[in-house]
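Coordinates as given in start.txt (compact mmCIF, N, CA and C atoms):
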```txt
# COMPACT_ATOMS: atom_id res chain seq x y z
N MET A 11 15.21 27.45 4.66
CA MET A 11 14.56 28.73 4.56
C MET A 11 13.07 28.54 4.86
N SER A 12 12.52 29.48 5.60
CA SER A 12 11.11 29.43 5.97
C SER A 12 10.25 30.10 4.91
N VAL A 13 9.00 29.65 4.87
CA VAL A 13 8.03 30.25 3.95
C VAL A 13 6.98 30.96 4.80
N LEU A 14 6.67 32.20 4.44
CA LEU A 14 5.66 32.95 5.16
C LEU A 14 4.31 32.23 5.07
N VAL A 15 3.53 32.35 6.15
CA VAL A 15 2.24 31.68 6.19
C VAL A 15 1.37 32.11 5.02
N LYS A 16 1.38 33.40 4.69
CA LYS A 16 0.54 33.89 3.59
C LYS A 16 0.96 33.34 2.24
N ASP A 17 2.21 32.88 2.12
CA ASP A 17 2.72 32.35 0.86
C ASP A 17 2.61 30.83 0.75
N ARG A 18 2.16 30.20 1.83
CA ARG A 18 2.04 28.74 1.82
C ARG A 18 0.78 28.33 1.07
N GLY A 19 0.90 27.29 0.30
CA GLY A 19 -0.25 26.76 -0.43
C GLY A 19 -0.45 25.31 -0.06
N GLU A 20 -1.40 24.70 -0.72
CA GLU A 20 -1.62 23.29 -0.50
C GLU A 20 -0.52 22.48 -1.15
N SER A 21 -0.18 21.40 -0.53
CA SER A 21 0.81 20.49 -1.09
C SER A 21 0.25 19.87 -2.37
N VAL A 22 1.14 19.62 -3.30
CA VAL A 22 0.68 18.94 -4.53
C VAL A 22 0.25 17.51 -4.23
N MET A 23 0.66 16.99 -3.11
CA MET A 23 0.30 15.63 -2.71
C MET A 23 -0.84 15.63 -1.68
N GLU A 24 -1.59 16.72 -1.60
CA GLU A 24 -2.65 16.85 -0.61
C GLU A 24 -3.69 15.74 -0.75
N PHE A 25 -3.90 15.25 -1.96
CA PHE A 25 -4.86 14.18 -2.18
C PHE A 25 -4.51 12.93 -1.39
N MET A 26 -3.22 12.68 -1.19
CA MET A 26 -2.79 11.50 -0.39
C MET A 26 -3.11 11.72 1.09
N ASN A 27 -2.77 12.91 1.59
CA ASN A 27 -3.02 13.22 3.00
C ASN A 27 -4.51 13.21 3.32
N THR A 28 -5.30 13.82 2.46
CA THR A 28 -6.73 13.90 2.70
C THR A 28 -7.38 12.52 2.62
N ALA A 29 -6.95 11.70 1.69
CA ALA A 29 -7.50 10.33 1.59
C ALA A 29 -7.22 9.56 2.87
N PHE A 30 -6.02 9.71 3.42
CA PHE A 30 -5.67 9.04 4.67
C PHE A 30 -6.53 9.56 5.81
N GLU A 31 -6.66 10.89 5.91
CA GLU A 31 -7.46 11.50 6.98
C GLU A 31 -8.93 11.10 6.87
N LEU A 32 -9.43 11.02 5.65
CA LEU A 32 -10.81 10.61 5.43
C LEU A 32 -11.04 9.18 5.91
N GLU A 33 -10.14 8.29 5.55
CA GLU A 33 -10.29 6.90 5.97
C GLU A 33 -10.20 6.76 7.49
N LYS A 34 -9.25 7.46 8.08
CA LYS A 34 -9.09 7.41 9.54
C LYS A 34 -10.33 7.96 10.24
N PHE A 35 -10.80 9.12 9.79
CA PHE A 35 -11.99 9.74 10.40
C PHE A 35 -13.20 8.83 10.26
N THR A 36 -13.37 8.22 9.09
CA THR A 36 -14.52 7.35 8.84
C THR A 36 -14.51 6.14 9.77
N ILE A 37 -13.35 5.52 9.91
CA ILE A 37 -13.25 4.36 10.82
C ILE A 37 -13.59 4.78 12.24
N GLN A 38 -13.01 5.89 12.69
CA GLN A 38 -13.27 6.35 14.05
C GLN A 38 -14.74 6.70 14.26
N ALA A 39 -15.33 7.40 13.29
CA ALA A 39 -16.73 7.82 13.42
C ALA A 39 -17.66 6.61 13.41
N CYS A 40 -17.40 5.66 12.53
CA CYS A 40 -18.28 4.49 12.43
C CYS A 40 -18.21 3.58 13.65
N HIS A 41 -17.18 3.71 14.44
CA HIS A 41 -17.06 2.89 15.65
C HIS A 41 -17.49 3.63 16.91
N ARG A 42 -18.03 4.84 16.73
CA ARG A 42 -18.57 5.57 17.87
C ARG A 42 -20.08 5.33 17.92
N GLU A 43 -20.54 4.90 19.06
CA GLU A 43 -21.96 4.56 19.24
C GLU A 43 -22.87 5.76 18.97
N ASN A 44 -22.40 6.96 19.31
CA ASN A 44 -23.25 8.15 19.12
C ASN A 44 -23.28 8.62 17.66
N VAL A 45 -22.47 8.02 16.80
CA VAL A 45 -22.50 8.37 15.38
C VAL A 45 -23.22 7.26 14.60
N ILE A 46 -22.68 6.06 14.64
CA ILE A 46 -23.31 4.90 13.97
C ILE A 46 -23.56 3.84 15.05
N PRO A 47 -24.81 3.70 15.51
CA PRO A 47 -25.10 2.67 16.52
C PRO A 47 -24.80 1.27 15.98
N LYS A 48 -24.56 0.35 16.89
CA LYS A 48 -24.17 -1.01 16.50
C LYS A 48 -25.13 -1.65 15.52
N ARG A 49 -26.41 -1.41 15.67
CA ARG A 49 -27.38 -2.07 14.78
C ARG A 49 -27.27 -1.59 13.33
N TYR A 50 -26.62 -0.44 13.11
CA TYR A 50 -26.43 0.08 11.75
C TYR A 50 -25.00 -0.11 11.23
N ARG A 51 -24.12 -0.55 12.10
CA ARG A 51 -22.71 -0.66 11.72
C ARG A 51 -22.46 -1.68 10.61
N LEU A 52 -23.15 -2.78 10.67
CA LEU A 52 -22.92 -3.82 9.67
C LEU A 52 -23.41 -3.39 8.29
N SER A 53 -24.47 -2.62 8.27
CA SER A 53 -24.98 -2.18 6.97
C SER A 53 -24.34 -0.86 6.56
N LYS A 54 -24.74 0.23 7.11
CA LYS A 54 -24.26 1.54 6.66
C LYS A 54 -22.84 1.85 7.12
N GLY A 55 -22.49 1.45 8.31
CA GLY A 55 -21.12 1.70 8.80
C GLY A 55 -20.07 1.03 7.93
N MET A 56 -20.34 -0.22 7.58
CA MET A 56 -19.40 -0.96 6.72
C MET A 56 -19.34 -0.34 5.33
N ASP A 57 -20.50 0.11 4.81
CA ASP A 57 -20.52 0.76 3.50
C ASP A 57 -19.64 2.01 3.49
N LEU A 58 -19.77 2.82 4.53
CA LEU A 58 -18.98 4.05 4.62
C LEU A 58 -17.49 3.74 4.73
N MET A 59 -17.14 2.77 5.57
CA MET A 59 -15.73 2.41 5.73
C MET A 59 -15.17 1.80 4.44
N ARG A 60 -15.95 1.01 3.76
CA ARG A 60 -15.52 0.41 2.50
C ARG A 60 -15.28 1.51 1.45
N SER A 61 -16.19 2.47 1.37
CA SER A 61 -16.03 3.57 0.42
C SER A 61 -14.77 4.37 0.71
N ALA A 62 -14.53 4.68 1.98
CA ALA A 62 -13.32 5.43 2.34
C ALA A 62 -12.06 4.65 1.96
N ASN A 63 -12.11 3.34 2.15
CA ASN A 63 -10.98 2.49 1.79
C ASN A 63 -10.77 2.47 0.28
N ILE A 64 -11.85 2.39 -0.48
CA ILE A 64 -11.76 2.38 -1.95
C ILE A 64 -11.18 3.69 -2.45
N ILE A 65 -11.61 4.80 -1.86
CA ILE A 65 -11.07 6.11 -2.25
C ILE A 65 -9.56 6.13 -2.02
N GLY A 66 -9.15 5.74 -0.83
CA GLY A 66 -7.72 5.72 -0.50
C GLY A 66 -6.92 4.81 -1.41
N ASN A 67 -7.46 3.63 -1.68
CA ASN A 67 -6.77 2.68 -2.55
C ASN A 67 -6.63 3.22 -3.97
N ASN A 68 -7.68 3.81 -4.50
CA ASN A 68 -7.62 4.35 -5.86
C ASN A 68 -6.62 5.49 -5.97
N VAL A 69 -6.52 6.30 -4.95
CA VAL A 69 -5.54 7.39 -4.94
C VAL A 69 -4.12 6.81 -4.94
N VAL A 70 -3.90 5.78 -4.15
CA VAL A 70 -2.58 5.13 -4.11
C VAL A 70 -2.28 4.48 -5.45
N TYR A 71 -3.26 3.78 -6.02
CA TYR A 71 -3.05 3.13 -7.32
C TYR A 71 -2.68 4.17 -8.38
N ALA A 72 -3.45 5.25 -8.44
CA ALA A 72 -3.20 6.29 -9.44
C ALA A 72 -1.83 6.92 -9.24
N ASN A 73 -1.47 7.18 -7.99
CA ASN A 73 -0.19 7.82 -7.71
C ASN A 73 0.99 6.90 -8.00
N SER A 74 0.76 5.60 -8.01
CA SER A 74 1.85 4.66 -8.27
C SER A 74 2.21 4.57 -9.75
N ILE A 75 1.37 5.15 -10.59
CA ILE A 75 1.62 5.13 -12.04
C ILE A 75 2.21 6.47 -12.46
N PHE A 76 3.43 6.44 -12.98
CA PHE A 76 3.98 7.66 -13.58
C PHE A 76 3.95 7.46 -15.08
N PRO A 77 2.99 8.11 -15.74
CA PRO A 77 2.76 7.85 -17.16
C PRO A 77 3.94 8.20 -18.06
N LYS A 78 4.29 7.23 -18.87
CA LYS A 78 5.29 7.44 -19.92
C LYS A 78 4.65 7.21 -21.29
N THR A 79 3.46 6.61 -21.26
CA THR A 79 2.71 6.36 -22.50
C THR A 79 1.27 6.85 -22.30
N ARG A 80 0.56 6.97 -23.39
CA ARG A 80 -0.84 7.41 -23.35
C ARG A 80 -1.69 6.40 -22.57
N GLU A 81 -1.40 5.11 -22.71
CA GLU A 81 -2.15 4.07 -22.00
C GLU A 81 -1.96 4.18 -20.49
N GLU A 82 -0.73 4.45 -20.06
CA GLU A 82 -0.47 4.61 -18.63
C GLU A 82 -1.19 5.84 -18.08
N TYR A 83 -1.23 6.91 -18.86
CA TYR A 83 -1.96 8.10 -18.45
C TYR A 83 -3.45 7.79 -18.31
N LYS A 84 -4.00 7.04 -19.25
CA LYS A 84 -5.41 6.67 -19.19
C LYS A 84 -5.70 5.80 -17.97
N MET A 85 -4.78 4.90 -17.65
CA MET A 85 -4.95 4.04 -16.47
C MET A 85 -4.94 4.88 -15.19
N ARG A 86 -4.03 5.82 -15.11
CA ARG A 86 -3.96 6.72 -13.94
C ARG A 86 -5.25 7.52 -13.81
N ALA A 87 -5.74 8.06 -14.93
CA ALA A 87 -6.97 8.84 -14.92
C ALA A 87 -8.17 7.97 -14.53
N LYS A 88 -8.14 6.70 -14.91
CA LYS A 88 -9.22 5.78 -14.56
C LYS A 88 -9.31 5.62 -13.04
N TYR A 89 -8.17 5.46 -12.37
CA TYR A 89 -8.17 5.35 -10.92
C TYR A 89 -8.61 6.65 -10.26
N GLN A 90 -8.21 7.78 -10.82
CA GLN A 90 -8.63 9.06 -10.28
C GLN A 90 -10.15 9.22 -10.40
N ARG A 91 -10.70 8.86 -11.55
CA ARG A 91 -12.16 8.94 -11.74
C ARG A 91 -12.89 7.98 -10.82
N SER A 92 -12.30 6.81 -10.58
CA SER A 92 -12.93 5.84 -9.66
C SER A 92 -13.00 6.41 -8.25
N ALA A 93 -11.96 7.10 -7.84
CA ALA A 93 -11.95 7.73 -6.51
C ALA A 93 -13.05 8.79 -6.43
N ILE A 94 -13.20 9.59 -7.47
CA ILE A 94 -14.23 10.63 -7.48
C ILE A 94 -15.63 10.01 -7.45
N ARG A 95 -15.83 8.93 -8.21
CA ARG A 95 -17.12 8.24 -8.19
C ARG A 95 -17.44 7.73 -6.79
N GLU A 96 -16.44 7.18 -6.13
CA GLU A 96 -16.66 6.64 -4.79
C GLU A 96 -16.95 7.76 -3.78
N ILE A 97 -16.36 8.92 -3.99
CA ILE A 97 -16.66 10.08 -3.13
C ILE A 97 -18.14 10.43 -3.28
N GLN A 98 -18.64 10.43 -4.51
CA GLN A 98 -20.05 10.74 -4.74
C GLN A 98 -20.96 9.71 -4.08
N ILE A 99 -20.58 8.45 -4.15
CA ILE A 99 -21.35 7.38 -3.49
C ILE A 99 -21.35 7.58 -1.98
N MET A 100 -20.19 7.93 -1.45
CA MET A 100 -20.08 8.12 -0.01
C MET A 100 -20.90 9.33 0.44
N LEU A 101 -20.92 10.40 -0.34
CA LEU A 101 -21.75 11.56 -0.01
C LEU A 101 -23.24 11.17 0.01
N LYS A 102 -23.64 10.34 -0.96
CA LYS A 102 -25.03 9.86 -1.00
C LYS A 102 -25.34 9.03 0.24
N ASP A 103 -24.44 8.13 0.61
CA ASP A 103 -24.64 7.30 1.79
C ASP A 103 -24.68 8.14 3.07
N LEU A 104 -23.83 9.15 3.14
CA LEU A 104 -23.84 10.03 4.31
C LEU A 104 -25.15 10.78 4.43
N ARG A 105 -25.68 11.21 3.31
CA ARG A 105 -26.97 11.90 3.34
C ARG A 105 -28.05 10.98 3.88
N LEU A 106 -28.06 9.75 3.39
CA LEU A 106 -29.03 8.77 3.86
C LEU A 106 -28.89 8.52 5.36
N VAL A 107 -27.66 8.28 5.79
CA VAL A 107 -27.40 8.01 7.21
C VAL A 107 -27.79 9.20 8.07
N SER A 108 -27.52 10.40 7.60
CA SER A 108 -27.84 11.59 8.40
C SER A 108 -29.34 11.79 8.53
N GLU A 109 -30.12 11.26 7.60
CA GLU A 109 -31.58 11.37 7.71
C GLU A 109 -32.17 10.27 8.58
N ILE A 110 -31.45 9.16 8.73
CA ILE A 110 -31.92 8.05 9.56
C ILE A 110 -31.46 8.20 11.00
N LEU A 111 -30.22 8.63 11.17
CA LEU A 111 -29.60 8.70 12.50
C LEU A 111 -29.35 10.14 12.92
N PRO A 112 -29.35 10.38 14.23
CA PRO A 112 -29.11 11.75 14.71
C PRO A 112 -27.61 12.08 14.81
N ILE A 113 -26.96 12.21 13.67
CA ILE A 113 -25.53 12.54 13.67
C ILE A 113 -25.38 14.03 13.92
N LYS A 114 -24.45 14.38 14.79
CA LYS A 114 -24.21 15.80 15.09
C LYS A 114 -23.80 16.55 13.83
N ASP A 115 -24.25 17.78 13.74
CA ASP A 115 -23.91 18.60 12.57
C ASP A 115 -22.41 18.79 12.43
N THR A 116 -21.69 18.91 13.54
CA THR A 116 -20.24 19.12 13.47
C THR A 116 -19.54 17.91 12.87
N THR A 117 -19.99 16.72 13.24
CA THR A 117 -19.42 15.49 12.69
C THR A 117 -19.72 15.39 11.20
N LEU A 118 -20.95 15.67 10.83
CA LEU A 118 -21.36 15.61 9.44
C LEU A 118 -20.61 16.65 8.60
N GLU A 119 -20.43 17.84 9.13
CA GLU A 119 -19.70 18.89 8.42
C GLU A 119 -18.24 18.51 8.20
N GLU A 120 -17.62 17.92 9.24
CA GLU A 120 -16.22 17.51 9.10
C GLU A 120 -16.09 16.39 8.06
N TRP A 121 -17.02 15.45 8.10
CA TRP A 121 -17.00 14.32 7.17
C TRP A 121 -17.17 14.79 5.73
N THR A 122 -18.21 15.58 5.50
CA THR A 122 -18.44 16.06 4.14
C THR A 122 -17.33 17.01 3.71
N GLY A 123 -16.79 17.77 4.65
CA GLY A 123 -15.67 18.66 4.32
C GLY A 123 -14.47 17.89 3.83
N LEU A 124 -14.16 16.78 4.48
CA LEU A 124 -13.04 15.93 4.04
C LEU A 124 -13.32 15.36 2.65
N LEU A 125 -14.56 14.93 2.42
CA LEU A 125 -14.91 14.36 1.12
C LEU A 125 -14.80 15.40 0.00
N LEU A 126 -15.32 16.58 0.25
CA LEU A 126 -15.27 17.64 -0.76
C LEU A 126 -13.85 18.14 -1.00
N LYS A 127 -13.06 18.18 0.08
CA LYS A 127 -11.65 18.57 -0.07
C LYS A 127 -10.91 17.54 -0.91
N GLU A 128 -11.16 16.27 -0.65
CA GLU A 128 -10.51 15.20 -1.42
C GLU A 128 -10.93 15.26 -2.88
N GLU A 129 -12.21 15.48 -3.12
CA GLU A 129 -12.69 15.57 -4.50
C GLU A 129 -12.01 16.74 -5.22
N GLY A 130 -11.91 17.88 -4.56
CA GLY A 130 -11.25 19.03 -5.16
C GLY A 130 -9.78 18.78 -5.43
N SER A 131 -9.11 18.11 -4.49
CA SER A 131 -7.69 17.80 -4.66
C SER A 131 -7.46 16.86 -5.83
N ILE A 132 -8.31 15.85 -5.96
CA ILE A 132 -8.17 14.90 -7.06
C ILE A 132 -8.44 15.59 -8.40
N LYS A 133 -9.46 16.42 -8.45
CA LYS A 133 -9.76 17.13 -9.70
C LYS A 133 -8.63 18.07 -10.09
N SER A 134 -8.04 18.72 -9.10
CA SER A 134 -6.89 19.59 -9.35
C SER A 134 -5.72 18.77 -9.88
N TRP A 135 -5.50 17.62 -9.29
CA TRP A 135 -4.45 16.69 -9.71
C TRP A 135 -4.69 16.24 -11.15
N MET A 136 -5.94 15.96 -11.48
CA MET A 136 -6.27 15.53 -12.84
C MET A 136 -6.01 16.65 -13.86
N ARG A 137 -6.36 17.89 -13.50
CA ARG A 137 -6.08 19.02 -14.39
C ARG A 137 -4.59 19.18 -14.60
N SER A 138 -3.83 19.04 -13.51
CA SER A 138 -2.38 19.14 -13.59
C SER A 138 -1.81 18.04 -14.49
N ASP A 139 -2.32 16.82 -14.33
CA ASP A 139 -1.88 15.70 -15.16
C ASP A 139 -2.20 15.95 -16.64
N ALA A 140 -3.37 16.49 -16.91
CA ALA A 140 -3.77 16.74 -18.29
C ALA A 140 -2.78 17.69 -18.96
N LYS A 141 -2.32 18.69 -18.22
CA LYS A 141 -1.32 19.62 -18.77
C LYS A 141 0.03 18.95 -18.92
N ARG A 142 0.44 18.21 -17.88
CA ARG A 142 1.78 17.58 -17.89
C ARG A 142 1.93 16.51 -18.95
N PHE A 143 0.88 15.75 -19.17
CA PHE A 143 1.00 14.58 -20.04
C PHE A 143 0.25 14.73 -21.35
N LYS A 144 -0.06 15.95 -21.76
CA LYS A 144 -0.84 16.14 -22.99
C LYS A 144 -0.10 15.70 -24.24
N ASP A 145 1.22 15.66 -24.19
CA ASP A 145 2.01 15.31 -25.39
C ASP A 145 2.45 13.85 -25.43
N LEU A 146 1.91 13.03 -24.56
CA LEU A 146 2.27 11.61 -24.57
C LEU A 146 1.71 10.93 -25.81
N GLU A 147 2.47 9.96 -26.28
CA GLU A 147 2.02 9.20 -27.46
C GLU A 147 1.36 7.91 -27.03
```
Translate this structure into structure tokens?
Amino acid sequence: MSVLVKDRGESVMEFMNTAFELEKFTIQACHRENVIPKRYRLSKGMDLMRSANIIGNNVVYANSIFPKTREEYKMRAKYQRSAIREIQIMLKDLRLVSEILPIKDTTLEEWTGLLLKEEGSIKSWMRSDAKRFKDLE
């Protein structure tokens, strides 16, 4: 059965898709000379790619835990918070890079859009988890 476009919402697993897209976009952008020139790739380019990788890894780690105890829930939330912290670090690094290098506004908008979308998806996931697992011992 088909779902009308107006009735479609975001997938509950959108955080996984966005994390993947963010990492892919970051790698591609950092290897383009007109975005991150070679002389900056080792410093800022590597930082951005490392942050995108950490975000993706933390999302995978958190998603691999299905809490049955309060401790497992806390561990899952820890990985979710780590991903959000890394998003904030990456936003800070992007701001710095955008002030040093002439990155096109469209590239910067897409990059920050992916980061903000991922942050929103993770926060939504955390709220959902808080409701689902509130009665764990």
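Nearest residue to Glu24 in chain A among A:Leu58, A:Ile132, A:Ile37, A:Ala140 is A:Ile132, counting only C-alpha atoms.
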Separation of CA of Met100 in chain A from CA of Tyr83 in chain A in Å:
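Between CA of Tyr83 in chain A and CA of Met100 in chain A the gap is 25.9 Å.
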Residue with smallest distance to Phe30 in chain A - pool A:Ala72, A:Ile65, A:Leu104, A:Leu111, counting all atoms listed in the file:
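Of all the options, A:Ile65 lies closest to Phe30 in chain A.
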Taking the backbone alone, and naming residues the way the document does, which bits of range 13-147 of chain A are helix (DSSP H, G or I) by DSSP, as a PyMOL selection string?
chain A and resi 15-17+24-40+48-73+80-110+115-142
Which value, in Å to one decimal, gives the distance between CA of Glu43 in chain A and CA of Arg60 in chain A?
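Interatomic distance, CA of Glu43 in chain A to CA of Arg60 in chain A: 18.4 Å.
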Contacts of Gln90 in chain A at 8 Å or less, counting only C-alpha atoms, minus same-chain residues fewer than 4 places along, as JSON, numbers by chain?
{"A": [68, 69, 72, 86, 94, 132, 136]}
Hey, can you check how far atom N of Val45 in chain A sits from CA of Ile113 in chain A?
6.3 Å
Write out as a ChimeraX atom specification each polymer residue whose atoms come within 7 Å of Leu124 in chain A, counting only N, CA and C atoms; drop sequence neighbours fewer than 4 positions from it.
/A:28,31-32,119-120,128-129
For each of A:Val107, A:Arg80, A:Lys133, A:Asn44, take the minimum atom-to-atom distance to Leu146 in chain A, counting all atoms listed in the file, then give the residue where this is smallest.
A:Arg80
Counting all atoms listed in the file, which residue out of A:Thr79, A:Met26, A:Asp103, A:Tyr89 sits closest to Asp145 in chain A?
A:Thr79
Quick one: residues within 12 Å of (-18.3, 15.5, 13.5) (file frame), counting only C-alpha atoms, please, as a list of chain:residue names.
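Result, sorted by chain then residue number: A:Phe35, A:Thr36, A:Gln38, A:Ala39, A:Cys40, A:Arg42, A:Asn44, A:Val45, A:Ile46, A:Ser108, A:Pro112, A:Ile113, A:Lys114, A:Asp115, A:Thr116, A:Thr117, A:Leu118, A:Glu119, A:Glu120, A:Trp121, A:Thr122, A:Gly123, A:Leu124.
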Residue subset to file, keeping N, CA and C atoms, as a tab-separated table (two decimals), keeping the file's coordinate frame:
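Written out: out_19.tsv:
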```tsv
chain	number	residue	atom	x	y	z
A	35	PHE	N	-10.80	9.12	9.79
A	35	PHE	CA	-11.99	9.74	10.40
A	35	PHE	C	-13.20	8.83	10.26
A	36	THR	N	-13.37	8.22	9.09
A	36	THR	CA	-14.52	7.35	8.84
A	36	THR	C	-14.51	6.14	9.77
A	38	GLN	N	-13.01	5.89	12.69
A	38	GLN	CA	-13.27	6.35	14.05
A	38	GLN	C	-14.74	6.70	14.26
A	39	ALA	N	-15.33	7.40	13.29
A	39	ALA	CA	-16.73	7.82	13.42
A	39	ALA	C	-17.66	6.61	13.41
A	40	CYS	N	-17.40	5.66	12.53
A	40	CYS	CA	-18.28	4.49	12.43
A	40	CYS	C	-18.21	3.58	13.65
A	42	ARG	N	-18.03	4.84	16.73
A	42	ARG	CA	-18.57	5.57	17.87
A	42	ARG	C	-20.08	5.33	17.92
A	44	ASN	N	-22.40	6.96	19.31
A	44	ASN	CA	-23.25	8.15	19.12
A	44	ASN	C	-23.28	8.62	17.66
A	45	VAL	N	-22.47	8.02	16.80
A	45	VAL	CA	-22.50	8.37	15.38
A	45	VAL	C	-23.22	7.26	14.60
A	46	ILE	N	-22.68	6.06	14.64
A	46	ILE	CA	-23.31	4.90	13.97
A	46	ILE	C	-23.56	3.84	15.05
A	108	SER	N	-27.52	10.40	7.60
A	108	SER	CA	-27.84	11.59	8.40
A	108	SER	C	-29.34	11.79	8.53
A	112	PRO	N	-29.35	10.38	14.23
A	112	PRO	CA	-29.11	11.75	14.71
A	112	PRO	C	-27.61	12.08	14.81
A	113	ILE	N	-26.96	12.21	13.67
A	113	ILE	CA	-25.53	12.54	13.67
A	113	ILE	C	-25.38	14.03	13.92
A	114	LYS	N	-24.45	14.38	14.79
A	114	LYS	CA	-24.21	15.80	15.09
A	114	LYS	C	-23.80	16.55	13.83
A	115	ASP	N	-24.25	17.78	13.74
A	115	ASP	CA	-23.91	18.60	12.57
A	115	ASP	C	-22.41	18.79	12.43
A	116	THR	N	-21.69	18.91	13.54
A	116	THR	CA	-20.24	19.12	13.47
A	116	THR	C	-19.54	17.91	12.87
A	117	THR	N	-19.99	16.72	13.24
A	117	THR	CA	-19.42	15.49	12.69
A	117	THR	C	-19.72	15.39	11.20
A	118	LEU	N	-20.95	15.67	10.83
A	118	LEU	CA	-21.36	15.61	9.44
A	118	LEU	C	-20.61	16.65	8.60
A	119	GLU	N	-20.43	17.84	9.13
A	119	GLU	CA	-19.70	18.89	8.42
A	119	GLU	C	-18.24	18.51	8.20
A	120	GLU	N	-17.62	17.92	9.24
A	120	GLU	CA	-16.22	17.51	9.10
A	120	GLU	C	-16.09	16.39	8.06
A	121	TRP	N	-17.02	15.45	8.10
A	121	TRP	CA	-17.00	14.32	7.17
A	121	TRP	C	-17.17	14.79	5.73
A	122	THR	N	-18.21	15.58	5.50
A	122	THR	CA	-18.44	16.06	4.14
A	122	THR	C	-17.33	17.01	3.71
A	123	GLY	N	-16.79	17.77	4.65
A	123	GLY	CA	-15.67	18.66	4.32
A	123	GLY	C	-14.47	17.89	3.83
A	124	LEU	N	-14.16	16.78	4.48
A	124	LEU	CA	-13.04	15.93	4.04
A	124	LEU	C	-13.32	15.36	2.65
```
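The nearest approach to Ile97 in chain A among the residues A:Met85, A:Val70, A:Met59, A:Leu126, with only N, CA and C atoms taken into account, belongs to A:Leu126.
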Residue nearest Phe25 in chain A - candidates A:Ala87, A:Gly66, A:Arg95, A:Lys141, atoms counted: all atoms listed in the file
A:Gly66
